[in-house]
Structures are given as C-alpha cells and as structure tokens.
>>> print(open('run_35.txt').read())   # compact mmCIF, C-alpha atoms and all ligand atoms
# COMPACT_ATOMS: atom_id res chain seq x y z
CA MET A 1 17.13 1.48 13.41
CA LYS A 2 16.83 5.00 12.07
CA ILE A 3 14.32 4.94 9.25
CA LEU A 4 13.20 7.62 6.80
CA VAL A 5 9.61 7.03 5.77
CA THR A 6 8.38 8.82 2.66
CA GLY A 7 4.61 9.09 2.61
CA GLY A 8 4.57 8.61 6.38
CA ALA A 9 1.47 10.81 6.63
CA GLY A 10 -0.49 8.55 4.27
CA TYR A 11 -2.65 5.56 5.07
CA ILE A 12 -0.16 2.70 5.00
CA GLY A 13 2.91 4.85 5.70
CA SER A 14 1.46 6.40 8.87
CA ILE A 15 0.64 2.97 10.25
CA ALA A 16 4.13 1.68 9.42
CA VAL A 17 5.48 4.69 11.36
CA GLU A 18 3.20 3.88 14.30
CA ARG A 19 4.46 0.29 14.37
CA LEU A 20 8.11 1.33 14.00
CA ILE A 21 7.80 3.71 16.93
CA LYS A 22 5.99 1.09 18.96
CA ALA A 23 8.97 -1.19 18.28
CA GLY A 24 11.30 1.49 19.65
CA GLU A 25 12.76 2.67 16.34
CA GLU A 26 13.69 6.22 15.36
CA VAL A 27 11.60 7.61 12.51
CA VAL A 28 11.81 10.61 10.19
CA VAL A 29 8.76 11.23 8.02
CA PHE A 30 9.04 13.00 4.66
CA ASP A 31 5.66 13.85 3.16
CA ASN A 32 4.22 16.67 1.02
CA LEU A 33 0.75 16.27 2.62
CA TYR A 34 -0.79 16.11 -0.84
CA GLN A 35 -2.79 13.01 0.15
CA GLY A 36 -1.44 12.52 3.66
CA HIS A 37 -2.56 14.17 6.89
CA ARG A 38 -0.34 15.92 9.40
CA ASP A 39 -2.48 14.45 12.21
CA ALA A 40 -1.74 10.94 10.96
CA VAL A 41 1.96 11.35 11.72
CA HIS A 42 2.91 9.82 15.06
CA PRO A 43 4.00 12.62 17.43
CA ALA A 44 7.25 10.80 18.25
CA ALA A 45 8.38 10.93 14.62
CA THR A 46 10.38 13.86 13.21
CA PHE A 47 8.24 15.41 10.49
CA ILE A 48 9.56 17.09 7.35
CA GLN A 49 7.01 18.58 4.98
CA GLY A 50 8.69 18.19 1.65
CA ASP A 51 8.16 17.02 -1.89
CA LEU A 52 10.18 14.28 -3.55
CA ALA A 53 10.05 16.33 -6.74
CA ASP A 54 12.27 18.86 -4.94
CA LYS A 55 15.65 17.20 -5.32
CA ASP A 56 17.36 19.62 -2.92
CA ALA A 57 14.77 19.00 -0.21
CA VAL A 58 15.22 15.24 -0.54
CA GLU A 59 18.98 15.57 -0.46
CA THR A 60 18.88 17.80 2.63
CA ALA A 61 16.56 15.40 4.44
CA VAL A 62 18.74 12.36 3.76
CA ALA A 63 22.04 14.21 4.36
CA THR A 64 20.81 15.71 7.64
CA HIS A 65 19.23 12.62 9.15
CA ARG A 66 21.48 9.91 7.66
CA PRO A 67 18.92 7.09 7.94
CA GLU A 68 20.12 3.50 7.83
CA GLY A 69 16.98 2.52 5.98
CA ILE A 70 14.26 4.08 3.83
CA MET A 71 10.68 2.92 3.48
CA HIS A 72 9.31 4.53 0.34
CA PHE A 73 5.51 4.78 0.42
CA ALA A 74 5.06 8.21 -1.22
CA SER A 75 3.60 7.98 -4.71
CA TYR A 76 0.45 8.35 -6.72
CA THR A 77 -1.39 5.09 -6.13
CA LEU A 78 -4.56 4.78 -8.20
CA VAL A 79 -4.74 2.36 -11.12
CA GLY A 80 -7.79 4.06 -12.67
CA GLU A 81 -6.39 7.57 -12.36
CA SER A 82 -3.14 6.43 -13.95
CA MET A 83 -5.02 5.31 -17.06
CA GLU A 84 -6.39 8.85 -17.40
CA LYS A 85 -3.29 10.76 -16.30
CA PRO A 86 -0.42 8.52 -17.36
CA PHE A 87 2.22 11.27 -17.26
CA LEU A 88 1.53 12.00 -13.63
CA TYR A 89 2.45 8.42 -12.84
CA LEU A 90 5.14 7.79 -15.43
CA ARG A 91 6.90 11.04 -14.63
CA ASP A 92 6.31 11.80 -10.96
CA ASN A 93 6.44 8.33 -9.45
CA ILE A 94 9.62 7.58 -11.38
CA VAL A 95 11.48 10.90 -11.30
CA ASN A 96 10.62 11.50 -7.64
CA GLY A 97 11.66 7.96 -6.82
CA LEU A 98 14.94 8.53 -8.63
CA ASN A 99 15.64 11.68 -6.61
CA LEU A 100 15.26 9.58 -3.49
CA LEU A 101 17.42 6.74 -4.79
CA GLU A 102 20.22 9.11 -5.71
CA SER A 103 20.38 10.62 -2.22
CA ALA A 104 19.99 7.16 -0.66
CA VAL A 105 23.04 5.71 -2.40
CA LYS A 106 25.03 8.92 -1.93
CA HIS A 107 24.57 8.75 1.83
CA GLY A 108 25.07 5.03 2.25
CA VAL A 109 21.51 3.95 3.05
CA ARG A 110 21.76 0.20 3.57
CA GLY A 111 18.17 -0.94 3.24
CA PHE A 112 15.40 0.35 0.97
CA ILE A 113 11.82 -0.90 0.98
CA LEU A 114 9.57 -0.13 -1.96
CA SER A 115 5.78 -0.16 -1.82
CA SER A 116 5.07 -2.12 -4.96
CA THR A 117 1.84 -3.56 -6.24
CA ALA A 118 -0.23 -6.52 -7.43
CA ASN A 119 -0.84 -4.42 -10.53
CA LEU A 120 2.42 -5.89 -11.88
CA PHE A 121 0.43 -9.02 -12.63
CA ASP A 122 -2.24 -8.20 -15.16
CA ASP A 123 -2.25 -11.56 -16.86
CA PRO A 124 -1.37 -14.21 -14.30
CA ALA A 125 -1.07 -17.78 -15.48
CA LYS A 126 -1.65 -19.15 -11.97
CA MET A 127 -3.62 -18.17 -8.88
CA PRO A 128 -2.50 -17.50 -6.13
CA ILE A 129 0.16 -15.33 -7.74
CA GLU A 130 3.76 -16.27 -6.98
CA GLU A 131 6.85 -14.10 -7.29
CA ASN A 132 8.00 -15.85 -10.45
CA GLU A 133 4.81 -14.86 -12.27
CA ARG A 134 5.34 -12.97 -15.53
CA ILE A 135 5.41 -9.19 -14.99
CA VAL A 136 2.68 -7.53 -17.05
CA PRO A 137 1.91 -4.11 -15.58
CA GLY A 138 -1.81 -3.42 -15.77
CA SER A 139 -1.56 0.37 -15.92
CA PRO A 140 0.90 3.28 -15.91
CA TYR A 141 0.73 3.02 -12.12
CA GLY A 142 1.88 -0.62 -12.24
CA GLU A 143 4.51 0.32 -14.82
CA SER A 144 5.87 3.06 -12.55
CA LYS A 145 6.37 0.48 -9.78
CA ASN A 146 7.89 -1.99 -12.22
CA ILE A 147 10.44 0.64 -13.26
CA MET A 148 11.25 1.44 -9.61
CA GLU A 149 11.81 -2.27 -8.99
CA ARG A 150 14.21 -2.33 -11.94
CA TYR A 151 16.07 0.75 -10.71
CA LEU A 152 16.53 -0.89 -7.33
CA HIS A 153 18.17 -3.84 -9.02
CA TRP A 154 20.82 -1.43 -10.37
CA MET A 155 21.25 0.35 -7.04
CA ASP A 156 22.07 -3.00 -5.45
CA ARG A 157 24.33 -4.14 -8.28
CA LEU A 158 26.25 -0.85 -8.60
CA TYR A 159 26.21 0.47 -5.03
CA GLY A 160 25.36 -2.53 -2.87
CA MET A 161 22.16 -0.92 -1.54
CA ARG A 162 19.93 -3.82 -0.54
CA TYR A 163 16.21 -3.57 -1.17
CA THR A 164 12.93 -5.34 -0.69
CA CYS A 165 9.97 -4.79 -3.00
CA LEU A 166 6.65 -5.58 -1.35
CA ARG A 167 3.85 -6.09 -3.84
CA TYR A 168 0.70 -5.26 -1.90
CA PHE A 169 -2.63 -6.70 -2.74
CA ASN A 170 -5.65 -4.91 -1.13
CA ALA A 171 -4.58 -3.00 1.98
CA CYS A 172 -7.38 -2.34 4.45
CA GLY A 173 -8.26 -2.13 8.15
CA ALA A 174 -7.03 0.32 10.76
CA THR A 175 -5.34 0.68 14.11
CA GLU A 176 -7.10 2.44 16.97
CA GLU A 177 -5.51 5.73 16.06
CA ARG A 178 -4.94 5.57 12.33
CA GLY A 179 -7.09 4.58 9.38
CA GLU A 180 -7.99 5.16 5.78
CA ASP A 181 -8.91 8.72 4.75
CA HIS A 182 -8.49 9.47 1.04
CA ASP A 183 -10.01 12.37 -0.85
CA PRO A 184 -11.66 11.36 -3.05
CA GLU A 185 -12.20 7.90 -1.58
CA THR A 186 -12.19 5.16 -4.20
CA HIS A 187 -11.57 2.00 -2.16
CA LEU A 188 -14.26 -0.55 -1.51
CA ILE A 189 -14.16 -0.99 2.27
CA PRO A 190 -14.13 2.72 3.29
CA LEU A 191 -16.87 3.43 0.71
CA VAL A 192 -19.03 0.62 2.11
CA LEU A 193 -18.49 1.98 5.63
CA GLN A 194 -19.46 5.48 4.48
CA VAL A 195 -22.84 4.00 3.56
CA ALA A 196 -23.12 2.50 7.05
CA LEU A 197 -22.25 5.91 8.53
CA GLY A 198 -25.07 7.52 6.55
CA GLN A 199 -22.65 9.58 4.43
CA ARG A 200 -23.48 7.79 1.21
CA GLU A 201 -26.77 6.33 0.04
CA LYS A 202 -25.57 3.04 -1.45
CA ILE A 203 -22.58 1.16 -2.75
CA THR A 204 -22.22 0.38 -6.43
CA ILE A 205 -20.72 -2.98 -7.32
CA PHE A 206 -18.50 -2.56 -10.35
CA GLY A 207 -19.83 -5.48 -12.38
CA ASP A 208 -21.29 -8.84 -11.32
CA ASP A 209 -20.62 -10.82 -14.48
CA TYR A 210 -17.03 -11.84 -13.71
CA GLN A 211 -15.82 -15.44 -13.79
CA THR A 212 -16.16 -15.85 -10.01
CA PRO A 213 -18.60 -17.81 -7.80
CA ASP A 214 -20.96 -14.85 -7.22
CA GLY A 215 -19.98 -12.82 -10.31
CA SER A 216 -18.29 -9.98 -8.40
CA CYS A 217 -14.50 -9.48 -8.35
CA VAL A 218 -12.43 -11.44 -5.85
CA ARG A 219 -9.54 -9.68 -4.09
CA ASP A 220 -7.01 -10.52 -1.39
CA TYR A 221 -7.63 -8.10 1.50
CA ILE A 222 -4.70 -7.69 3.83
CA HIS A 223 -4.73 -5.85 7.14
CA VAL A 224 -2.59 -2.74 7.15
CA ILE A 225 -0.90 -3.79 10.42
CA ASP A 226 0.20 -7.03 8.76
CA LEU A 227 1.57 -4.99 5.87
CA ALA A 228 3.39 -2.64 8.24
CA GLU A 229 4.92 -5.56 10.12
CA ALA A 230 6.18 -7.02 6.84
CA HIS A 231 8.05 -3.76 6.22
CA ILE A 232 9.66 -3.87 9.62
CA LEU A 233 10.69 -7.51 9.26
CA ALA A 234 12.07 -6.84 5.79
CA MET A 235 14.03 -3.82 7.01
CA ARG A 236 15.52 -5.72 9.95
CA THR A 237 16.56 -8.47 7.57
CA LEU A 238 18.24 -6.05 5.15
CA LEU A 239 20.06 -4.18 7.92
CA ALA A 240 21.27 -7.49 9.35
CA GLY A 241 22.93 -8.16 5.99
CA GLY A 242 20.17 -10.17 4.33
CA PRO A 243 19.79 -10.23 0.55
CA SER A 244 17.53 -8.10 -1.63
CA GLY A 245 14.15 -9.63 -2.45
CA LYS A 246 10.73 -9.20 -3.96
CA TYR A 247 7.66 -10.51 -2.21
CA ASN A 248 3.95 -10.71 -2.87
CA LEU A 249 1.98 -9.74 0.17
CA GLY A 250 -1.56 -10.84 0.84
CA ASN A 251 -3.55 -13.27 2.93
CA GLY A 252 -3.53 -16.01 0.34
CA ARG A 253 -7.31 -16.08 0.18
CA GLY A 254 -9.84 -14.01 -1.66
CA TYR A 255 -13.19 -12.43 -0.87
CA SER A 256 -15.69 -11.16 -3.41
CA VAL A 257 -17.07 -7.63 -3.43
CA LYS A 258 -20.44 -9.07 -2.39
CA GLU A 259 -18.83 -10.93 0.53
CA VAL A 260 -17.18 -7.70 1.68
CA ILE A 261 -20.53 -5.89 1.63
CA GLN A 262 -22.29 -8.76 3.43
CA THR A 263 -19.59 -8.86 6.13
CA ALA A 264 -19.82 -5.09 6.56
CA ARG A 265 -23.58 -5.45 7.08
CA THR A 266 -22.95 -7.94 9.87
CA VAL A 267 -20.28 -5.78 11.50
CA THR A 268 -22.16 -2.48 11.30
CA GLY A 269 -25.76 -3.69 11.65
CA HIS A 270 -26.64 -1.41 8.71
CA PRO A 271 -28.47 -2.81 5.65
CA ILE A 272 -25.94 -1.15 3.26
CA PRO A 273 -27.99 -0.96 0.06
CA MET A 274 -26.12 -2.00 -3.08
CA VAL A 275 -26.67 -1.69 -6.80
CA VAL A 276 -24.82 -3.30 -9.65
CA GLY A 277 -23.10 -0.90 -12.04
CA ALA A 278 -20.72 -1.16 -14.97
CA ARG A 279 -17.36 -2.87 -14.75
CA ARG A 280 -14.43 -0.63 -13.84
CA PRO A 281 -11.86 -0.69 -16.65
CA GLY A 282 -8.78 -2.74 -15.82
CA ASP A 283 -10.31 -4.90 -13.06
CA PRO A 284 -9.30 -8.57 -13.37
CA ASP A 285 -11.72 -11.27 -12.10
CA VAL A 286 -9.52 -12.57 -9.30
CA LEU A 287 -6.31 -11.37 -7.60
CA ILE A 288 -4.89 -13.47 -4.79
CA ALA A 289 -1.30 -13.43 -3.54
CA SER A 290 0.82 -16.35 -2.59
CA SER A 291 2.77 -15.12 0.43
CA GLU A 292 4.69 -18.36 0.82
CA SER A 293 8.02 -16.78 -0.08
CA ILE A 294 7.89 -14.02 2.51
CA ASN A 295 6.69 -16.55 5.04
CA HIS A 296 9.56 -18.85 4.20
CA ASP A 297 12.31 -16.20 3.97
CA LEU A 298 11.28 -13.71 6.65
CA GLY A 299 8.88 -15.71 8.79
CA TRP A 300 6.05 -13.26 8.04
CA GLN A 301 2.49 -14.35 8.57
CA PRO A 302 -0.73 -12.37 8.84
CA HIS A 303 -2.18 -11.83 12.30
CA TYR A 304 -5.47 -10.40 11.03
CA PRO A 305 -6.40 -12.62 8.09
CA ASP A 306 -10.10 -12.72 8.89
CA LEU A 307 -12.27 -10.36 6.82
CA ARG A 308 -14.63 -9.71 9.70
CA THR A 309 -11.78 -8.59 11.96
CA ILE A 310 -10.36 -6.42 9.19
CA ILE A 311 -13.71 -4.68 8.67
CA GLU A 312 -14.28 -4.35 12.43
CA THR A 313 -10.99 -2.49 12.89
CA ALA A 314 -11.82 -0.19 9.97
CA TRP A 315 -15.35 0.36 11.30
CA ASN A 316 -14.10 1.25 14.78
CA TRP A 317 -11.76 3.84 13.30
CA HIS A 318 -14.44 5.33 11.06
CA LEU A 319 -16.90 5.50 13.95
CA ALA A 320 -14.33 7.40 16.01
CA HIS A 321 -13.33 9.60 13.03
CA PRO A 322 -16.48 9.97 10.90
CA ASP A 323 -14.95 12.90 9.01
CA GLY A 324 -11.48 11.39 8.87
CA TYR A 325 -8.47 13.36 10.03
CA THR A 326 -10.08 16.69 9.21
CA ALA A 327 -12.44 16.47 12.17
N1 LIG A 401 -15.25 -1.90 -6.07
C1 LIG A 401 -16.64 -1.82 -6.26
N2 LIG A 401 -17.27 -0.66 -5.96
C2 LIG A 401 -16.63 0.44 -5.48
C3 LIG A 401 -15.22 0.36 -5.29
C4 LIG A 401 -14.57 -0.82 -5.59
O1 LIG A 401 -17.25 -2.80 -6.69
O2 LIG A 401 -17.28 1.47 -5.26
C5 LIG A 401 -14.55 -3.15 -6.36
C6 LIG A 401 -13.45 -3.03 -7.40
O3 LIG A 401 -13.99 -3.19 -8.70
C7 LIG A 401 -12.51 -4.16 -7.00
C8 LIG A 401 -12.68 -4.26 -5.48
O4 LIG A 401 -13.90 -3.57 -5.19
O5 LIG A 401 -12.94 -5.38 -7.56
C9 LIG A 401 -11.55 -3.59 -4.71
O6 LIG A 401 -11.36 -2.28 -5.24
P1 LIG A 401 -10.51 -1.19 -4.53
O7 LIG A 401 -10.65 0.08 -5.33
O8 LIG A 401 -10.84 -1.13 -3.07
O9 LIG A 401 -9.01 -1.72 -4.61
P2 LIG A 401 -8.10 -2.11 -5.88
O10 LIG A 401 -8.39 -3.55 -6.14
O11 LIG A 401 -8.50 -1.24 -7.03
O12 LIG A 401 -6.73 -1.85 -5.41
>>> encode(input="run_35.txt", output="structure tokens", more="lines below")
Ligand code: UDP
Amino acid sequence: MKILVTGGAGYIGSIAVERLIKAGEEVVVFDNLYQGHRDAVHPAATFIQGDLADKDAVETAVATHRPEGIMHFASYTLVGESMEKPFLYLRDNIVNGLNLLESAVKHGVRGFILSSTANLFDDPAKMPIEENERIVPGSPYGESKNIMERYLHWMDRLYGMRYTCLRYFNACGATEERGEDHDPETHLIPLVLQVALGQREKITIFGDDYQTPDGSCVRDYIHVIDLAEAHILAMRTLLAGGPSGKYNLGNGRGYSVKEVIQTARTVTGHPIPMVVGARRPGDPDVLIASSESINHDLGWQPHYPDLRTIIETAWNWHLAHPDGYTA
C-alpha cells in the first residue's frame, strides 16, 4: 500500500507511520510541524512539511505521490481549547479537511481513514457506547469531526471513495521509539509521569464528585499501538474493496483517574502526590467504548488492554526522552 499520512509527525500519526513501515508499506507524511516533531517521523517515510490550509500544497502532495489511501490525523484535537477558540476548530479542521478530500477524490484515492472521536457522544443513553448511539457532539472539536464524517459520506456516495471513521477514546502508551510529547501537555497519563520524573510537583484531579465508584472520571484508555493497528486493518479492508464504516475504538473497560494515578505509582515507584481540584468543563462521568463492531467486522482486538502495561510503555519512553523530542 502507498499511504499518505497527514499529521504523521504527531503522537498517534507518527506511531501509525512506524507500524505501517514495519508492515512493509510505503508512507508519505504531510505535516506542518505545528504540534508534531520532525524527529518523530520514521526515517523510511517521505516527509513533506506542509499545511492543509494551503490548498496548492495539498494538491501537489497528492498529485505527486498518488497514494492509494490516506490516513488523516492532522487536526486541532483539544476539547477544552475548542470551547474557547471555536473558530479555530470549526474553520481549520473542516476547511483543511475539505482541501484534503477534494484532492483525494480528484486523484482517485480509494481508502480514507479519519481520526474521529468519542466526543461525538456527549449524552450517551448506554455504556459502553455503541456505533448506533445518538450523535451529540460535546464541543466544537467534536462537531468538526462530526462534519468530517458527514462529508465522507458524500465523498463515498458521489465519488465512490470508501472511508472508515475511527472514534478514538483515550489514546495513550508508547512504542520504544515514539511517545506522547505535546506542548502544552494536557493529557492525564503524561502529566502524571511528569510528576514521577520530578518535572511537576503534583497532579490535580479534575473533580472527585462524579457518579463513579471513587468519584473521579472513568475513561477507556487504549494503547496507541492498538489504535495504529486498527488503522492498518481498516485501510487493508478498504483497499481490498470492503465497505465504508464507522467504529468506536477502545478497550471496552474503564479506569478512573485515581486508578490511573495509583497504577502509575506502582509502575514508577514514585509517590506522585495528588490534589483534588475543580471539575473541567465538558467532562462526562464515564466514557467507555464498545469495540464489538470493529472486532466483528475487521477482526480487531487490543493487544495491550492492561492499564499497567500501557503506563509501563509510556513510562519507558518518558524515561528515555525526559524532555520529549526536543532533547
Ligand atoms: N484529568 C485530570 N487531571 C489532569 C488531566 C486530566 O483529572 O491534569 C482527567 C480528565 O478530567 C479526564 C481524564 O483525566 O477525566 C482524561 O483526560 P485527558 O485530558 O487525558 O483525555 P480526554 O478524556 O480529555 O481526551
């Protein structure tokens, strides 16, 4: 397969590239390095530094490399930020995505995989969340992904471009060579590990009065390698003529914020002091994915479902890269 990966210098994208190359596939990365890191891009991938907002640059990349498939990771990704800067998300994620879609259909791309999100499900009637759950975007970020999912429906219907939307729950963990390095960091596991590394004094739990067994929020943490493998499986299926689809992607079990911190204490041997702070706006009590559909249709199953293993892989990467990719 020849695959164009947008956002292939970012956390999840760079690990998808690593796994694609490991599987013997040809990869072109398109990334503006706004959040991504040049050093995160696998050396065997062709790298184009470009911005999806630059329609000509996108068109040139797709026209020159003629990928069979596109994995589209590049976007703004923070729920909280999107509540404060809605236009960034509602304009850039959508207009940039549209630039990519237009070149994709023009050049006959056969399979398109969208990084979508659990933030489509702000008011689930049932837990774990299945694909037929009512779509209620929880933020402009979630809305931007919802709109991209809708656009893909039209690309399939009008141009026959098949797609898979993968709605991620909480991506985490690392490979030996690639891990999570955001600036600023907002995600729970890397923040907890920064405390263990002595880079941060304590971790603040965003509320412990939720309707959960220990009062802290429960999330479905999925290892980034398992996520990456789902992309590869989905792409193979599309390129073999399989139908378009939308899948929720998680482990099917939840861990509370307090459980994450306790597990990180065990893994790192550091006491990791914690304090309880205010709730973070927009956080639901519990988010757990049902991944039965993707298991049934594509045969996907997680290989790293255990929280301890997930945190160990992240910890090993952070120990080897205490300052992230900038070191
Ligand atoms: N969280 C927390 N303290 C932090 C960062 C996150 O308590 O410093 C909580 C957050 O409220 C959520 C969970 O950890 O319940 C996972 O948050 P994260 O930002 O990692 O991922 P998200 O669920 O927002 O995608």
>>> closest_residue(input="run_35.txt", among="A:Val260, A:Met1, A:Leu197, A:Leu120", to="Arg134 (chain A)", atoms="only C-alpha atoms")
A:Leu120
>>> residues_around(input="run_35.txt", residues="region 223-239 of chain A", least_positions_apart="5", cutoff="9 Å", atoms="only C-alpha atoms", output="MDAnalysis selection string")
chainID A and resid 1 11:13 15:20 68:71 110:113 162:164 166 168 170:175 179 244:245 249:251 294 298:307 309:310
>>> atom_distance(input="run_35.txt", atom1="CA of His321 (chain A)", atom2="atom C9 of ligand LIG 401 (chain A)")
22.2 Å
>>> closest_atom_pairs(input="run_35.txt", of="chain A", to="ligand LIG 401 (chain A)", cutoff="6 Å", atoms="only C-alpha atoms and all ligand atoms", output="tab-separated table")
residue	atom	partner	partner_atom	distance
A:Asn170	CA	A:LIG401	O12	5.4
A:Thr186	CA	A:LIG401	O7	5.4
A:His187	CA	A:LIG401	O8	3.3
A:Leu188	CA	A:LIG401	O8	3.8
A:Ile203	CA	A:LIG401	O2	5.9
A:Thr204	CA	A:LIG401	N2	5.1
A:Ile205	CA	A:LIG401	O1	3.5
A:Phe206	CA	A:LIG401	O1	3.9
A:Cys217	CA	A:LIG401	O5	4.5
A:Val257	CA	A:LIG401	O4	5.4
A:Arg280	CA	A:LIG401	O3	5.8
A:Asp283	CA	A:LIG401	O3	6.0
>>> atom_distance(input="run_35.txt", atom1="CA of Ala57 (chain A)", atom2="CA of Gly142 (chain A)")
26.4 Å
>>> closest_residue(input="run_35.txt", among="A:Tyr89, A:Trp315, A:Phe169, A:Phe47", to="Tyr247 (chain A)", atoms="all atoms listed in the file")
A:Phe169
>>> atom_distance(input="run_35.txt", atom1="CA of Pro190 (chain A)", atom2="CA of Glu84 (chain A)")
22.9 Å
>>> residues_around(input="run_35.txt", residues="region 290-292 of chain A", least_positions_apart="3", cutoff="7 Å", atoms="only C-alpha atoms", output="list in words")
Pro128, Ile129, Glu130, Asn248, Leu249, Gly250, Gly252, Asn295 and His296 of chain A
>>> closest_residue(input="run_35.txt", among="A:Gln199, A:Gln194, A:Pro137, A:Met127", to="Gly254 (chain A)", atoms="all atoms listed in the file")
A:Met127
>>> residues_around(input="run_35.txt", residues="region 79-83 of chain A", least_positions_apart="4", cutoff="7 Å", atoms="only C-alpha atoms", output="number ranges by chain")
A: 89, 139-141
>>> closest_residue(input="run_35.txt", among="A:Thr77, A:Ser14, A:Asn99, A:Asn32", to="Thr60 (chain A)", atoms="only C-alpha atoms")
A:Asn99
>>> residues_around(input="run_35.txt", residues="Val192 (chain A)", least_positions_apart="6", cutoff="8 Å", atoms="all atoms listed in the file", output="PyMOL selection string")
chain A and resi 202-203+261+264+272
>>> write_last_selection(input="run_35.txt", atoms="C-alpha atoms", output="PDB file, in the coordinates of the input")
ATOM      1  CA  LYS A 202     -25.570   3.040  -1.450  1.00  0.00           C
ATOM      2  CA  ILE A 203     -22.580   1.160  -2.750  1.00  0.00           C
ATOM      3  CA  ILE A 261     -20.530  -5.890   1.630  1.00  0.00           C
ATOM      4  CA  ALA A 264     -19.820  -5.090   6.560  1.00  0.00           C
ATOM      5  CA  ILE A 272     -25.940  -1.150   3.260  1.00  0.00           C
TER       6      ILE A 272
END
>>> decode(input="run_35.txt", residues="region 84-96 of chain A", atoms="N, CA, C and O atoms", output="PDB file, in the first residue's frame")
ATOM      1  N   GLU A  84     -12.979  27.333  23.884  1.00  0.00           N
ATOM      2  CA  GLU A  84     -12.500  28.723  23.990  1.00  0.00           C
ATOM      3  C   GLU A  84     -12.198  29.335  22.634  1.00  0.00           C
ATOM      4  O   GLU A  84     -12.280  30.543  22.458  1.00  0.00           O
ATOM      5  N   LYS A  85     -11.768  28.499  21.691  1.00  0.00           N
ATOM      6  CA  LYS A  85     -11.430  29.002  20.353  1.00  0.00           C
ATOM      7  C   LYS A  85     -12.226  28.222  19.305  1.00  0.00           C
ATOM      8  O   LYS A  85     -11.656  27.468  18.510  1.00  0.00           O
ATOM      9  N   PRO A  86     -13.551  28.384  19.306  1.00  0.00           N
ATOM     10  CA  PRO A  86     -14.365  27.540  18.430  1.00  0.00           C
ATOM     11  C   PRO A  86     -14.031  27.707  16.953  1.00  0.00           C
ATOM     12  O   PRO A  86     -14.082  26.749  16.186  1.00  0.00           O
ATOM     13  N   PHE A  87     -13.664  28.936  16.545  1.00  0.00           N
ATOM     14  CA  PHE A  87     -13.443  29.160  15.106  1.00  0.00           C
ATOM     15  C   PHE A  87     -12.225  28.408  14.593  1.00  0.00           C
ATOM     16  O   PHE A  87     -12.179  27.968  13.455  1.00  0.00           O
ATOM     17  N   LEU A  88     -11.238  28.269  15.470  1.00  0.00           N
ATOM     18  CA  LEU A  88     -10.053  27.510  15.082  1.00  0.00           C
ATOM     19  C   LEU A  88     -10.455  26.098  14.665  1.00  0.00           C
ATOM     20  O   LEU A  88      -9.963  25.555  13.681  1.00  0.00           O
ATOM     21  N   TYR A  89     -11.380  25.536  15.424  1.00  0.00           N
ATOM     22  CA  TYR A  89     -11.794  24.161  15.167  1.00  0.00           C
ATOM     23  C   TYR A  89     -12.832  24.089  14.052  1.00  0.00           C
ATOM     24  O   TYR A  89     -12.749  23.242  13.169  1.00  0.00           O
ATOM     25  N   LEU A  90     -13.802  24.985  14.116  1.00  0.00           N
ATOM     26  CA  LEU A  90     -14.901  24.909  13.145  1.00  0.00           C
ATOM     27  C   LEU A  90     -14.448  25.369  11.766  1.00  0.00           C
ATOM     28  O   LEU A  90     -15.008  24.959  10.764  1.00  0.00           O
ATOM     29  N   ARG A  91     -13.420  26.199  11.715  1.00  0.00           N
ATOM     30  CA  ARG A  91     -12.903  26.603  10.415  1.00  0.00           C
ATOM     31  C   ARG A  91     -11.775  25.675   9.978  1.00  0.00           C
ATOM     32  O   ARG A  91     -11.867  24.988   8.962  1.00  0.00           O
ATOM     33  N   ASP A  92     -10.698  25.635  10.759  1.00  0.00           N
ATOM     34  CA  ASP A  92      -9.495  24.941  10.277  1.00  0.00           C
ATOM     35  C   ASP A  92      -9.697  23.443  10.110  1.00  0.00           C
ATOM     36  O   ASP A  92      -9.337  22.889   9.075  1.00  0.00           O
ATOM     37  N   ASN A  93     -10.253  22.788  11.120  1.00  0.00           N
ATOM     38  CA  ASN A  93     -10.402  21.331  10.988  1.00  0.00           C
ATOM     39  C   ASN A  93     -11.277  20.979   9.780  1.00  0.00           C
ATOM     40  O   ASN A  93     -11.040  19.982   9.101  1.00  0.00           O
ATOM     41  N   ILE A  94     -12.261  21.822   9.522  1.00  0.00           N
ATOM     42  CA  ILE A  94     -13.208  21.497   8.456  1.00  0.00           C
ATOM     43  C   ILE A  94     -12.682  21.943   7.096  1.00  0.00           C
ATOM     44  O   ILE A  94     -12.657  21.168   6.146  1.00  0.00           O
ATOM     45  N   VAL A  95     -12.229  23.194   6.999  1.00  0.00           N
ATOM     46  CA  VAL A  95     -11.752  23.687   5.693  1.00  0.00           C
ATOM     47  C   VAL A  95     -10.492  22.921   5.271  1.00  0.00           C
ATOM     48  O   VAL A  95     -10.360  22.504   4.116  1.00  0.00           O
ATOM     49  N   ASN A  96      -9.591  22.691   6.208  1.00  0.00           N
ATOM     50  CA  ASN A  96      -8.369  21.949   5.868  1.00  0.00           C
ATOM     51  C   ASN A  96      -8.712  20.515   5.454  1.00  0.00           C
ATOM     52  O   ASN A  96      -8.136  19.972   4.505  1.00  0.00           O
TER      53      ASN A  96
END
